[in-house]
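> Below: one structure in structure tokens.
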Amino acid sequence: LMFPKARDDGLMVQELPDEILVYDLTRHRAHCLNQTAALVWRHCDGQTTVAEMATLLQNELNIPADEAVVWLALDRLGKAHLLKERMTPPTTARYSRREFVRRLALVGGFSVLVPAVSSVIAPTAAQAATCVVNCTGQPNCTPCGPPSCVKRCRNGNCVSRSASGCP
């Protein structure tokens, strides 16, 4: 039996009604887990089997679910580095994506059932900085172009030190 275990070190977690937001402090990535992926991740406690997770999905979301849904969620959580170690489904639980979509279409609830992990890379502080237009009381301005275009404050406005190629 396989007992998936969620990673808990270096993560900031914010639970919302229908999703979970996870920020990975090590990789500087933000992840949004939809309701299905969130439910699977919450139960990755190292004690719950994939079969038990499928039953929990069925009971908590009131939709038919099988182990293929849990395996897809575990695959996506593993790719996002949200598990202690990536899980590999047994050959009997492997489905092609086409087969998986066909099976979900037969049971209905496709959009609700498909586990989704949306990830984005968080910008560094320098990348997230915005251009300062009015710098009254500030000794330096935030650069608004190439590194050679460092701005200085003059009469409450940012001005370029060098006119060549600066915005």
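Just remember, in the structure tokens the first chain shown is A, the second B, etc., residues are 1-based per chain, and ligands are 1-based in the order shown.
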Listing only residues of region 57-91 of chain A within 10 Å of region 23-45 of chain A, what is the closest atom pair and its distance in Å (to one decimal) for each, using only C-alpha atoms, sorted by chain and residue number ascending, as a Markdown table?

| residue | atom | partner | partner_atom | distance |
| --- | --- | --- | --- | --- |
| A:Leu57 | CA | A:Leu39 | CA | 7.2 |
| A:Glu60 | CA | A:Leu39 | CA | 8.7 |
| A:Leu61 | CA | A:Thr36 | CA | 8.2 |
| A:Val69 | CA | A:Thr36 | CA | 8.6 |
| A:Val70 | CA | A:Val40 | CA | 6.7 |
| A:Trp71 | CA | A:Val40 | CA | 9.5 |
| A:Leu72 | CA | A:Ala37 | CA | 8.9 |
| A:Ala73 | CA | A:Ala37 | CA | 5.4 |
| A:Leu74 | CA | A:Val40 | CA | 7.6 |
| A:Arg76 | CA | A:Ala37 | CA | 8.4 |
| A:Leu77 | CA | A:Trp41 | CA | 7.6 |
| A:Ala80 | CA | A:His31 | CA | 7.7 |
| A:His81 | CA | A:Asp24 | CA | 8.7 |
| A:Leu82 | CA | A:Trp41 | CA | 8.2 |
| A:Leu83 | CA | A:Cys44 | CA | 8.1 |
| A:Lys84 | CA | A:Cys44 | CA | 9.6 |
> What is the CA of Ala54 (chain A)-CA of Arg86 (chain A) distance in Å, reported with one decimal?
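CA of Arg86 (chain A) lies at a distance of 18.2 Å from CA of Ala54 (chain A).
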> What is the distance between CA of Val50 (chain A) and CA of Met12 (chain A), in Å to one decimal?
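Atom-to-atom, CA of Val50 (chain A) and CA of Met12 (chain A) are spaced 24.9 Å apart.
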> Need to verify the contact set: Thr48 (chain A), 9 Å, only C-alpha atoms, exclusion of same-chain residues closer than 3 positions in sequence. Can you return it as a PyMOL selection string?
chain A and resi 2-5+43-45+51-53
> Counting only C-alpha atoms, which residue out of A:Ala68, A:Val120, A:Leu16, A:Leu21 sits closest to Thr88 (chain A)?
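Looking at the shortest contact to Thr88 (chain A), the residue is A:Ala68.
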> Any idea what the distance is between CA of Ile121 (chain A) and CA of Glu85 (chain A)?
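Answer for the CA of Ile121 (chain A) to CA of Glu85 (chain A) separation: 21.1 Å.
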> If you run DSSP over the backbone, which residues in region 10-56 of chain A end up strand (DSSP E or B)? Put them as a list in words.
Leu11, Met12, Val13, Gln14, Glu15, Ile20, Leu21, Val22, Tyr23, Asp24, Arg29, Ala30, His31, Cys32, Leu33 and Asp45 of chain A
